[in-house]
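Raw query.pdb, PDB, N, CA and C atoms:
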ATOM      1  N   LYS Z   1     279.738 160.144  84.904  1.00  0.00           N
ATOM      2  CA  LYS Z   1     280.710 160.971  85.558  1.00  0.00           C
ATOM      3  C   LYS Z   1     280.064 161.695  86.729  1.00  0.00           C
ATOM      4  N   ILE Z   2     280.224 161.107  87.887  1.00  0.00           N
ATOM      5  CA  ILE Z   2     279.654 161.638  89.121  1.00  0.00           C
ATOM      6  C   ILE Z   2     280.804 162.000  90.049  1.00  0.00           C
ATOM      7  N   ASP Z   3     280.758 163.185  90.641  1.00  0.00           N
ATOM      8  CA  ASP Z   3     281.856 163.595  91.514  1.00  0.00           C
ATOM      9  C   ASP Z   3     281.749 162.943  92.886  1.00  0.00           C
ATOM     10  N   GLU Z   4     282.695 163.258  93.758  1.00  0.00           N
ATOM     11  CA  GLU Z   4     282.758 162.630  95.080  1.00  0.00           C
ATOM     12  C   GLU Z   4     281.565 162.986  95.964  1.00  0.00           C
ATOM     13  N   ASN Z   5     280.817 164.031  95.599  1.00  0.00           N
ATOM     14  CA  ASN Z   5     279.611 164.409  96.344  1.00  0.00           C
ATOM     15  C   ASN Z   5     278.339 163.810  95.756  1.00  0.00           C
ATOM     16  N   GLY Z   6     278.495 162.970  94.728  1.00  0.00           N
ATOM     17  CA  GLY Z   6     277.346 162.336  94.096  1.00  0.00           C
ATOM     18  C   GLY Z   6     276.624 163.224  93.107  1.00  0.00           C
ATOM     19  N   ILE Z   7     277.299 164.269  92.614  1.00  0.00           N
ATOM     20  CA  ILE Z   7     276.679 165.200  91.676  1.00  0.00           C
ATOM     21  C   ILE Z   7     277.102 164.859  90.263  1.00  0.00           C
ATOM     22  N   LEU Z   8     276.125 164.675  89.396  1.00  0.00           N
ATOM     23  CA  LEU Z   8     276.372 164.360  87.992  1.00  0.00           C
ATOM     24  C   LEU Z   8     277.066 165.537  87.327  1.00  0.00           C
ATOM     25  N   GLN Z   9     278.132 165.278  86.589  1.00  0.00           N
ATOM     26  CA  GLN Z   9     278.950 166.337  86.014  1.00  0.00           C
ATOM     27  C   GLN Z   9     278.712 166.568  84.530  1.00  0.00           C
ATOM     28  N   GLU Z  10     277.737 165.898  83.949  1.00  0.00           N
ATOM     29  CA  GLU Z  10     277.407 166.106  82.542  1.00  0.00           C
ATOM     30  C   GLU Z  10     275.930 165.821  82.328  1.00  0.00           C
ATOM     31  N   ASN Z  11     275.370 166.377  81.277  1.00  0.00           N
ATOM     32  CA  ASN Z  11     273.975 166.119  80.935  1.00  0.00           C
ATOM     33  C   ASN Z  11     273.838 164.740  80.326  1.00  0.00           C
ATOM     34  N   ILE Z  12     272.773 164.058  80.686  1.00  0.00           N
ATOM     35  CA  ILE Z  12     272.469 162.748  80.117  1.00  0.00           C
ATOM     36  C   ILE Z  12     271.030 162.787  79.613  1.00  0.00           C
ATOM     37  N   LEU Z  13     270.814 162.360  78.374  1.00  0.00           N
ATOM     38  CA  LEU Z  13     269.469 162.282  77.815  1.00  0.00           C
ATOM     39  C   LEU Z  13     268.964 160.853  77.975  1.00  0.00           C
ATOM     40  N   PHE Z  14     267.861 160.694  78.685  1.00  0.00           N
ATOM     41  CA  PHE Z  14     267.259 159.378  78.880  1.00  0.00           C
ATOM     42  C   PHE Z  14     266.083 159.243  77.929  1.00  0.00           C
ATOM     43  N   HIS Z  15     265.804 158.024  77.495  1.00  0.00           N
ATOM     44  CA  HIS Z  15     264.746 157.778  76.527  1.00  0.00           C
ATOM     45  C   HIS Z  15     263.369 157.613  77.167  1.00  0.00           C
ATOM     46  N   SER Z  16     263.323 157.568  78.478  1.00  0.00           N
ATOM     47  CA  SER Z  16     262.036 157.488  79.165  1.00  0.00           C
ATOM     48  C   SER Z  16     262.198 157.997  80.590  1.00  0.00           C
ATOM     49  N   PRO Z  17     261.091 158.397  81.215  1.00  0.00           N
ATOM     50  CA  PRO Z  17     261.175 158.827  82.609  1.00  0.00           C
ATOM     51  C   PRO Z  17     261.597 157.686  83.535  1.00  0.00           C
ATOM     52  N   SER Z  18     261.266 156.458  83.160  1.00  0.00           N
ATOM     53  CA  SER Z  18     261.651 155.313  83.989  1.00  0.00           C
ATOM     54  C   SER Z  18     263.153 155.076  83.951  1.00  0.00           C
ATOM     55  N   TYR Z  19     263.780 155.248  82.783  1.00  0.00           N
ATOM     56  CA  TYR Z  19     265.240 155.113  82.699  1.00  0.00           C
ATOM     57  C   TYR Z  19     265.920 156.166  83.567  1.00  0.00           C
ATOM     58  N   ALA Z  20     265.404 157.396  83.525  1.00  0.00           N
ATOM     59  CA  ALA Z  20     265.978 158.471  84.333  1.00  0.00           C
ATOM     60  C   ALA Z  20     265.817 158.177  85.826  1.00  0.00           C
ATOM     61  N   ALA Z  21     264.645 157.728  86.225  1.00  0.00           N
ATOM     62  CA  ALA Z  21     264.403 157.410  87.632  1.00  0.00           C
ATOM     63  C   ALA Z  21     265.265 156.235  88.087  1.00  0.00           C
ATOM     64  N   ALA Z  22     265.420 155.229  87.233  1.00  0.00           N
ATOM     65  CA  ALA Z  22     266.259 154.075  87.571  1.00  0.00           C
ATOM     66  C   ALA Z  22     267.709 154.505  87.760  1.00  0.00           C
ATOM     67  N   PHE Z  23     268.171 155.454  86.958  1.00  0.00           N
ATOM     68  CA  PHE Z  23     269.530 155.965  87.106  1.00  0.00           C
ATOM     69  C   PHE Z  23     269.703 156.624  88.475  1.00  0.00           C
ATOM     70  N   VAL Z  24     268.729 157.401  88.881  1.00  0.00           N
ATOM     71  CA  VAL Z  24     268.809 158.111  90.160  1.00  0.00           C
ATOM     72  C   VAL Z  24     268.710 157.136  91.330  1.00  0.00           C
ATOM     73  N   ILE Z  25     267.758 156.214  91.254  1.00  0.00           N
ATOM     74  CA  ILE Z  25     267.488 155.298  92.358  1.00  0.00           C
ATOM     75  C   ILE Z  25     268.456 154.114  92.382  1.00  0.00           C
ATOM     76  N   GLY Z  26     268.912 153.710  91.205  1.00  0.00           N
ATOM     77  CA  GLY Z  26     269.826 152.574  91.136  1.00  0.00           C
ATOM     78  C   GLY Z  26     269.113 151.239  91.017  1.00  0.00           C
ATOM     79  N   GLY Z  27     267.889 151.252  90.536  1.00  0.00           N
ATOM     80  CA  GLY Z  27     267.126 150.022  90.367  1.00  0.00           C
ATOM     81  C   GLY Z  27     265.893 150.282  89.521  1.00  0.00           C
ATOM     82  N   ASN Z  28     265.086 149.258  89.335  1.00  0.00           N
ATOM     83  CA  ASN Z  28     263.875 149.392  88.520  1.00  0.00           C
ATOM     84  C   ASN Z  28     262.832 150.235  89.248  1.00  0.00           C
ATOM     85  N   VAL Z  29     262.236 151.141  88.487  1.00  0.00           N
ATOM     86  CA  VAL Z  29     261.226 152.023  89.066  1.00  0.00           C
ATOM     87  C   VAL Z  29     260.354 152.575  87.935  1.00  0.00           C
ATOM     88  N   ASN Z  30     259.111 152.874  88.234  1.00  0.00           N
ATOM     89  CA  ASN Z  30     258.207 153.467  87.259  1.00  0.00           C
ATOM     90  C   ASN Z  30     258.345 154.982  87.330  1.00  0.00           C
ATOM     91  N   GLY Z  31     258.959 155.569  86.332  1.00  0.00           N
ATOM     92  CA  GLY Z  31     259.184 157.009  86.313  1.00  0.00           C
ATOM     93  C   GLY Z  31     257.912 157.822  86.251  1.00  0.00           C
ATOM     94  N   LEU Z  32     256.859 157.280  85.655  1.00  0.00           N
ATOM     95  CA  LEU Z  32     255.601 158.025  85.551  1.00  0.00           C
ATOM     96  C   LEU Z  32     254.954 158.248  86.913  1.00  0.00           C
ATOM     97  N   THR Z  33     255.235 157.371  87.860  1.00  0.00           N
ATOM     98  CA  THR Z  33     254.639 157.521  89.188  1.00  0.00           C
ATOM     99  C   THR Z  33     255.630 158.038  90.227  1.00  0.00           C
ATOM    100  N   GLN Z  34     256.923 157.960  89.952  1.00  0.00           N
ATOM    101  CA  GLN Z  34     257.917 158.396  90.934  1.00  0.00           C
ATOM    102  C   GLN Z  34     258.354 159.846  90.779  1.00  0.00           C
ATOM    103  N   TRP Z  35     258.362 160.373  89.538  1.00  0.00           N
ATOM    104  CA  TRP Z  35     258.693 161.788  89.355  1.00  0.00           C
ATOM    105  C   TRP Z  35     257.491 162.603  89.766  1.00  0.00           C
ATOM    106  N   LYS Z  36     257.702 163.570  90.667  1.00  0.00           N
ATOM    107  CA  LYS Z  36     256.602 164.379  91.182  1.00  0.00           C
ATOM    108  C   LYS Z  36     256.990 165.850  91.213  1.00  0.00           C
ATOM    109  N   THR Z  37     255.965 166.686  91.078  1.00  0.00           N
ATOM    110  CA  THR Z  37     256.154 168.124  91.209  1.00  0.00           C
ATOM    111  C   THR Z  37     256.254 168.470  92.694  1.00  0.00           C
ATOM    112  N   LYS Z  38     256.557 169.713  92.988  1.00  0.00           N
ATOM    113  CA  LYS Z  38     256.649 170.148  94.387  1.00  0.00           C
ATOM    114  C   LYS Z  38     255.339 169.955  95.135  1.00  0.00           C
ATOM    115  N   ASP Z  39     254.203 170.053  94.403  1.00  0.00           N
ATOM    116  CA  ASP Z  39     252.911 169.875  95.068  1.00  0.00           C
ATOM    117  C   ASP Z  39     252.423 168.429  95.059  1.00  0.00           C
ATOM    118  N   GLY Z  40     253.272 167.487  94.635  1.00  0.00           N
ATOM    119  CA  GLY Z  40     252.949 166.069  94.747  1.00  0.00           C
ATOM    120  C   GLY Z  40     252.290 165.424  93.545  1.00  0.00           C
ATOM    121  N   ARG Z  41     252.081 166.170  92.456  1.00  0.00           N
ATOM    122  CA  ARG Z  41     251.472 165.578  91.253  1.00  0.00           C
ATOM    123  C   ARG Z  41     252.504 164.729  90.529  1.00  0.00           C
ATOM    124  N   THR Z  42     252.096 163.533  90.116  1.00  0.00           N
ATOM    125  CA  THR Z  42     253.006 162.648  89.393  1.00  0.00           C
ATOM    126  C   THR Z  42     253.055 163.029  87.911  1.00  0.00           C
ATOM    127  N   LEU Z  43     254.092 162.566  87.243  1.00  0.00           N
ATOM    128  CA  LEU Z  43     254.213 162.797  85.806  1.00  0.00           C
ATOM    129  C   LEU Z  43     253.024 162.186  85.078  1.00  0.00           C
ATOM    130  N   LYS Z  44     252.561 161.042  85.547  1.00  0.00           N
ATOM    131  CA  LYS Z  44     251.400 160.391  84.933  1.00  0.00           C
ATOM    132  C   LYS Z  44     250.149 161.266  85.057  1.00  0.00           C
ATOM    133  N   GLU Z  45     249.942 161.869  86.218  1.00  0.00           N
ATOM    134  CA  GLU Z  45     248.796 162.757  86.412  1.00  0.00           C
ATOM    135  C   GLU Z  45     248.876 163.958  85.473  1.00  0.00           C
ATOM    136  N   ILE Z  46     250.067 164.503  85.313  1.00  0.00           N
ATOM    137  CA  ILE Z  46     250.254 165.653  84.428  1.00  0.00           C
ATOM    138  C   ILE Z  46     249.973 165.260  82.976  1.00  0.00           C
ATOM    139  N   GLU Z  47     250.517 164.117  82.549  1.00  0.00           N
ATOM    140  CA  GLU Z  47     250.278 163.655  81.171  1.00  0.00           C
ATOM    141  C   GLU Z  47     248.793 163.410  80.937  1.00  0.00           C
ATOM    142  N   ASN Z  48     248.110 162.788  81.885  1.00  0.00           N
ATOM    143  CA  ASN Z  48     246.681 162.501  81.737  1.00  0.00           C
ATOM    144  C   ASN Z  48     245.852 163.778  81.674  1.00  0.00           C
ATOM    145  N   SER Z  49     246.228 164.782  82.431  1.00  0.00           N
ATOM    146  CA  SER Z  49     245.463 166.035  82.427  1.00  0.00           C
ATOM    147  C   SER Z  49     245.663 166.795  81.114  1.00  0.00           C
ATOM    148  N   GLU Z  50     246.804 166.618  80.460  1.00  0.00           N
ATOM    149  CA  GLU Z  50     247.061 167.284  79.190  1.00  0.00           C
ATOM    150  C   GLU Z  50     246.331 166.602  78.028  1.00  0.00           C
ATOM    151  N   ASP Z  51     245.967 165.324  78.202  1.00  0.00           N
ATOM    152  CA  ASP Z  51     245.247 164.598  77.157  1.00  0.00           C
ATOM    153  C   ASP Z  51     243.790 165.046  77.049  1.00  0.00           C
ATOM    154  N   ASN Z  52     243.242 165.633  78.103  1.00  0.00           N
ATOM    155  CA  ASN Z  52     241.820 166.021  78.128  1.00  0.00           C
ATOM    156  C   ASN Z  52     241.604 167.390  77.544  1.00  0.00           C
TER     157      ASN Z  52
END
Can you turn what I pasted into structure tokens?
Amino acid sequence: KIDENGILQENILFHSPSYAAAFVIGGNVNGLTQWKTKDGRTLKEIENSEDN
């Protein structure tokens, strides 16, 4: 349910960051490398830093 301005009108729970990114982009994409913080860190970088 997306309005005429392209804004999602309900919450959707995705099972992976890649599914969420594919929904936004409209095609296959690696969510771990495409989702980024404001300072440019990828989700993969954040996950790797938390493992140490």
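Taking atom N of Lys44 (chain Z) and CA of Ile12 (chain Z) as the two end points, the separation is 20.7 Å.
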Please evaluate the PyMOL selection byres ((chain Z and resi 32) around 6) against the displayed coordinates and give the resulting residues as a tab-separated table (two decimals) with N, CA and C atoms, in the frame of the given file.
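Final output, saved to part.tsv:
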chain	number	residue	atom	x	y	z
Z	17	PRO	N	261.09	158.40	81.22
Z	17	PRO	CA	261.18	158.83	82.61
Z	17	PRO	C	261.60	157.69	83.54
Z	18	SER	N	261.27	156.46	83.16
Z	18	SER	CA	261.65	155.31	83.99
Z	18	SER	C	263.15	155.08	83.95
Z	30	ASN	N	259.11	152.87	88.23
Z	30	ASN	CA	258.21	153.47	87.26
Z	30	ASN	C	258.35	154.98	87.33
Z	31	GLY	N	258.96	155.57	86.33
Z	31	GLY	CA	259.18	157.01	86.31
Z	31	GLY	C	257.91	157.82	86.25
Z	33	THR	N	255.24	157.37	87.86
Z	33	THR	CA	254.64	157.52	89.19
Z	33	THR	C	255.63	158.04	90.23
Z	34	GLN	N	256.92	157.96	89.95
Z	34	GLN	CA	257.92	158.40	90.93
Z	34	GLN	C	258.35	159.85	90.78
Z	35	TRP	N	258.36	160.37	89.54
Z	35	TRP	CA	258.69	161.79	89.36
Z	35	TRP	C	257.49	162.60	89.77
Z	42	THR	N	252.10	163.53	90.12
Z	42	THR	CA	253.01	162.65	89.39
Z	42	THR	C	253.06	163.03	87.91
Z	43	LEU	N	254.09	162.57	87.24
Z	43	LEU	CA	254.21	162.80	85.81
Z	43	LEU	C	253.02	162.19	85.08
Z	44	LYS	N	252.56	161.04	85.55
Z	44	LYS	CA	251.40	160.39	84.93
Z	44	LYS	C	250.15	161.27	85.06
From atom C of Phe23 (chain Z) to atom N of Asp3 (chain Z) the spacing works out at 13.0 Å
task = List every residue of chain Z that DSSP, applied to the backbone, labels as alpha helix (DSSP H), and write the result as a PyMOL selection string.
result = chain Z and resi 17-25+31-34+43-51
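The space separating atom N of Gly6 (chain Z) from atom C of Ile25 (chain Z) comes to 13.6 Å.
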Enclose all atoms of region 21-38 of chain Z listed in the file in an axis-aligned box, grow every side by 8 Å, and hand back centre and edge lengths in Å to one decimal, as lines of an AutoDock Vina configuration file.
center_x = 262.2
center_y = 159.7
center_z = 90.3
size_x = 31.2
size_y = 36.9
size_z = 25.6
Write only N, CA and C atoms for region 39-52 of chain Z from the block just shown, as a CSV table (one decimal), in the first residue's frame.
chain,number,residue,atom,x,y,z
Z,39,ASP,N,27.0,8.4,7.9
Z,39,ASP,CA,28.5,8.6,7.7
Z,39,ASP,C,29.0,7.5,6.7
Z,40,GLY,N,28.2,6.8,6.1
Z,40,GLY,CA,28.7,5.9,5.0
Z,40,GLY,C,29.0,4.5,5.4
Z,41,ARG,N,28.9,4.1,6.7
Z,41,ARG,CA,29.2,2.7,7.1
Z,41,ARG,C,28.1,1.8,6.6
Z,42,THR,N,28.4,0.6,6.1
Z,42,THR,CA,27.4,-0.3,5.6
Z,42,THR,C,27.0,-1.2,6.8
Z,43,LEU,N,25.8,-1.8,6.6
Z,43,LEU,CA,25.3,-2.7,7.6
Z,43,LEU,C,26.3,-3.9,7.9
Z,44,LYS,N,27.0,-4.3,6.8
Z,44,LYS,CA,28.0,-5.4,7.0
Z,44,LYS,C,29.1,-4.9,7.9
Z,45,GLU,N,29.6,-3.7,7.7
Z,45,GLU,CA,30.7,-3.1,8.5
Z,45,GLU,C,30.2,-3.1,10.0
Z,46,ILE,N,29.0,-2.6,10.2
Z,46,ILE,CA,28.5,-2.5,11.6
Z,46,ILE,C,28.4,-3.9,12.2
Z,47,GLU,N,27.8,-4.9,11.5
Z,47,GLU,CA,27.7,-6.3,12.0
Z,47,GLU,C,29.1,-6.8,12.3
Z,48,ASN,N,30.1,-6.6,11.4
Z,48,ASN,CA,31.4,-7.1,11.7
Z,48,ASN,C,32.1,-6.5,12.9
Z,49,SER,N,31.9,-5.2,13.1
Z,49,SER,CA,32.5,-4.5,14.2
Z,49,SER,C,31.9,-5.0,15.5
Z,50,GLU,N,30.6,-5.4,15.5
Z,50,GLU,CA,30.0,-5.9,16.7
Z,50,GLU,C,30.4,-7.3,17.1
Z,51,ASP,N,30.9,-8.1,16.1
Z,51,ASP,CA,31.4,-9.4,16.4
Z,51,ASP,C,32.7,-9.5,17.1
Z,52,ASN,N,33.5,-8.4,17.1
Z,52,ASN,CA,34.8,-8.3,17.7
Z,52,ASN,C,34.7,-7.9,19.1
